[in-house]
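A quick write-up on the structure given underneath.
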Amino acid sequence: MPKAAWCDVCSAHVWLDAEGACVNGHDASHVSNVYEVEPKPDPLREVGDVFRRAADEAGEALGQAGSSLKEAWREAEPSAKEAADSAGEAARKAAEAAAAFGRRIVGSKPAGSPPEPPAPPPAPEAPEPPAAPDTPEPPGSDD
């Protein structure tokens with residue numbers, strides 16, 4: 001374990017070398033109150049360890065969730081496909097009904113067809129035959 005002490009020349013706490021002298025070059029006679037120091041943890045290493053553990057835990061959780069999701073899809077897939085088929089059939093029927101309704105309103109011609117020619121004007125009415133000339137009443141019909 002590394003050692004530190006008070007150096008009288010530096011007037012500060014300093015690290016000691018292997019022989020117990022100040023790392024700034026002052027011999028051991030200037031050093032007092034020697035103590036062992038636990039090395040400070042490297043904060044970046046600690047953060048890396050935390051991330052590594054979190055990634056491992058997340059990977060395990062995702063693996064479990066992934067298999068759960070796969071199983072859930074296996075169970076739900078037939079129903080989902082059936083629902084999709086039913087929705088497609090309903091859409092087809094709705095389209096057919098809308099087309100029939102449109103034909104009733106507009107006629108049976110599809111969109112884009114040329115318009116029907118206009119109906120011919122009505123034929124003029126035949127003139128009434130000329131009135132018969134005034135004919136005298138036959139004889140003997142005076143009654």
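We label chains A, B, ... in the order they appear in the structure tokens, count residues from 1 in each chain, and number ligands from 1 in the order shown.
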Within 6 Å of Ala5 of chain A, counting only C-alpha atoms, which residues show up once you throw out same-chain ones fewer than 2 positions away? Write them as a list of chain:residue names, please. A:His13, A:Val14, A:Ser32, A:Asn33, A:Val34
Would you export the selected residues with N, CA, C and O atoms as a PDB file, in the first residue's frame, please?
```pdb
ATOM      1  N   HIS A  13       1.602  17.504   3.059  1.00  0.00           N
ATOM      2  CA  HIS A  13       1.561  16.048   3.033  1.00  0.00           C
ATOM      3  C   HIS A  13       2.062  15.628   1.658  1.00  0.00           C
ATOM      4  O   HIS A  13       1.666  16.192   0.636  1.00  0.00           O
ATOM      5  N   VAL A  14       2.942  14.632   1.641  1.00  0.00           N
ATOM      6  CA  VAL A  14       3.549  14.201   0.381  1.00  0.00           C
ATOM      7  C   VAL A  14       3.554  12.689   0.302  1.00  0.00           C
ATOM      8  O   VAL A  14       3.419  11.986   1.304  1.00  0.00           O
ATOM      9  N   SER A  32       7.573  13.167   8.749  1.00  0.00           N
ATOM     10  CA  SER A  32       6.982  12.724  10.024  1.00  0.00           C
ATOM     11  C   SER A  32       5.527  12.315   9.780  1.00  0.00           C
ATOM     12  O   SER A  32       4.943  12.616   8.737  1.00  0.00           O
ATOM     13  N   ASN A  33       4.992  11.656  10.791  1.00  0.00           N
ATOM     14  CA  ASN A  33       3.586  11.213  10.715  1.00  0.00           C
ATOM     15  C   ASN A  33       3.293  10.380   9.456  1.00  0.00           C
ATOM     16  O   ASN A  33       2.387  10.668   8.687  1.00  0.00           O
ATOM     17  N   VAL A  34       4.039   9.315   9.280  1.00  0.00           N
ATOM     18  CA  VAL A  34       3.864   8.430   8.119  1.00  0.00           C
ATOM     19  C   VAL A  34       2.568   7.623   8.283  1.00  0.00           C
ATOM     20  O   VAL A  34       2.253   7.154   9.374  1.00  0.00           O
TER      21      VAL A  34
END
```
Please list as a ChimeraX atom specification every residue within 10 Å of Val37 of chain A, counting only C-alpha atoms and excluding residues in the same chain fewer than 3 positions away. /A:1-5,15,34,40
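From atom CA of Val31 of chain A back to atom CA of Val9 of chain A, the distance works out to 8.6 Å.
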I'd like to know which residues of chain A are helix (DSSP H, G or I) (by DSSP, run on the backbone); could you write them as a compact mmCIF listing (two decimals) with C-alpha atoms, in the first residue's frame?
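Result saved to result_23.txt:
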```
# COMPACT_ATOMS: atom_id res chain seq x y z
CA ALA A 28 13.42 10.63 5.45
CA SER A 29 14.74 12.87 8.29
CA HIS A 30 12.37 15.63 7.10
CA PRO A 43 -13.67 7.27 -10.99
CA LEU A 44 -13.60 6.40 -14.68
CA ARG A 45 -12.94 2.77 -13.86
CA GLU A 46 -15.82 2.81 -11.39
CA VAL A 47 -18.14 4.33 -13.95
CA GLY A 48 -17.02 1.76 -16.49
CA ASP A 49 -17.72 -1.03 -14.00
CA VAL A 50 -21.19 0.38 -13.30
CA PHE A 51 -21.96 0.58 -17.03
CA ARG A 52 -20.64 -2.92 -17.60
CA ARG A 53 -22.83 -4.34 -14.82
CA ALA A 54 -25.85 -2.39 -16.09
CA ALA A 55 -25.24 -3.62 -19.64
CA ASP A 56 -24.97 -7.20 -18.41
CA GLU A 57 -28.20 -6.90 -16.43
CA ALA A 58 -29.97 -5.22 -19.38
CA GLY A 59 -28.75 -7.96 -21.70
CA GLU A 60 -30.12 -10.63 -19.40
CA ALA A 61 -33.44 -8.80 -19.05
CA LEU A 62 -33.71 -8.31 -22.82
CA GLY A 63 -32.93 -11.95 -23.38
CA GLN A 64 -35.71 -12.95 -21.01
CA ALA A 65 -38.09 -10.37 -22.47
CA GLY A 66 -37.17 -11.40 -25.99
CA SER A 67 -38.09 -15.00 -25.35
CA SER A 68 -41.29 -13.87 -23.61
CA LEU A 69 -42.16 -11.64 -26.57
CA LYS A 70 -41.47 -14.44 -29.02
CA GLU A 71 -43.74 -16.77 -27.08
CA ALA A 72 -46.46 -14.12 -26.84
CA TRP A 73 -46.29 -13.54 -30.61
CA ARG A 74 -46.50 -17.28 -31.27
CA GLU A 75 -49.70 -17.35 -29.23
CA ALA A 76 -51.17 -14.16 -30.74
CA GLU A 77 -50.13 -14.64 -34.37
CA PRO A 78 -53.06 -16.86 -35.46
CA SER A 79 -55.57 -14.43 -33.96
CA ALA A 80 -53.78 -11.46 -35.50
CA LYS A 81 -53.79 -13.09 -38.93
CA GLU A 82 -57.47 -13.97 -38.57
CA ALA A 83 -58.28 -10.40 -37.57
CA ALA A 84 -56.33 -9.08 -40.57
CA ASP A 85 -58.22 -11.43 -42.90
CA SER A 86 -61.55 -10.34 -41.39
CA ALA A 87 -60.63 -6.69 -41.76
CA GLY A 88 -59.68 -7.26 -45.40
CA GLU A 89 -62.99 -9.01 -46.08
CA ALA A 90 -64.92 -6.20 -44.37
CA ALA A 91 -63.06 -3.61 -46.45
CA ARG A 92 -63.86 -5.53 -49.65
CA LYS A 93 -67.58 -5.68 -48.73
CA ALA A 94 -67.61 -1.98 -47.86
CA ALA A 95 -66.04 -1.14 -51.22
CA GLU A 96 -68.60 -3.25 -53.06
CA ALA A 97 -71.47 -1.59 -51.17
CA ALA A 98 -70.09 1.87 -51.89
CA ALA A 99 -69.76 1.02 -55.58
CA ALA A 100 -73.36 -0.26 -55.71
CA PHE A 101 -74.59 2.87 -53.96
CA GLY A 102 -72.67 5.05 -56.38
CA ARG A 103 -74.11 3.22 -59.37
CA ARG A 104 -77.64 3.78 -58.02
CA ILE A 105 -77.04 7.49 -57.59
CA VAL A 106 -75.06 8.19 -60.73
```
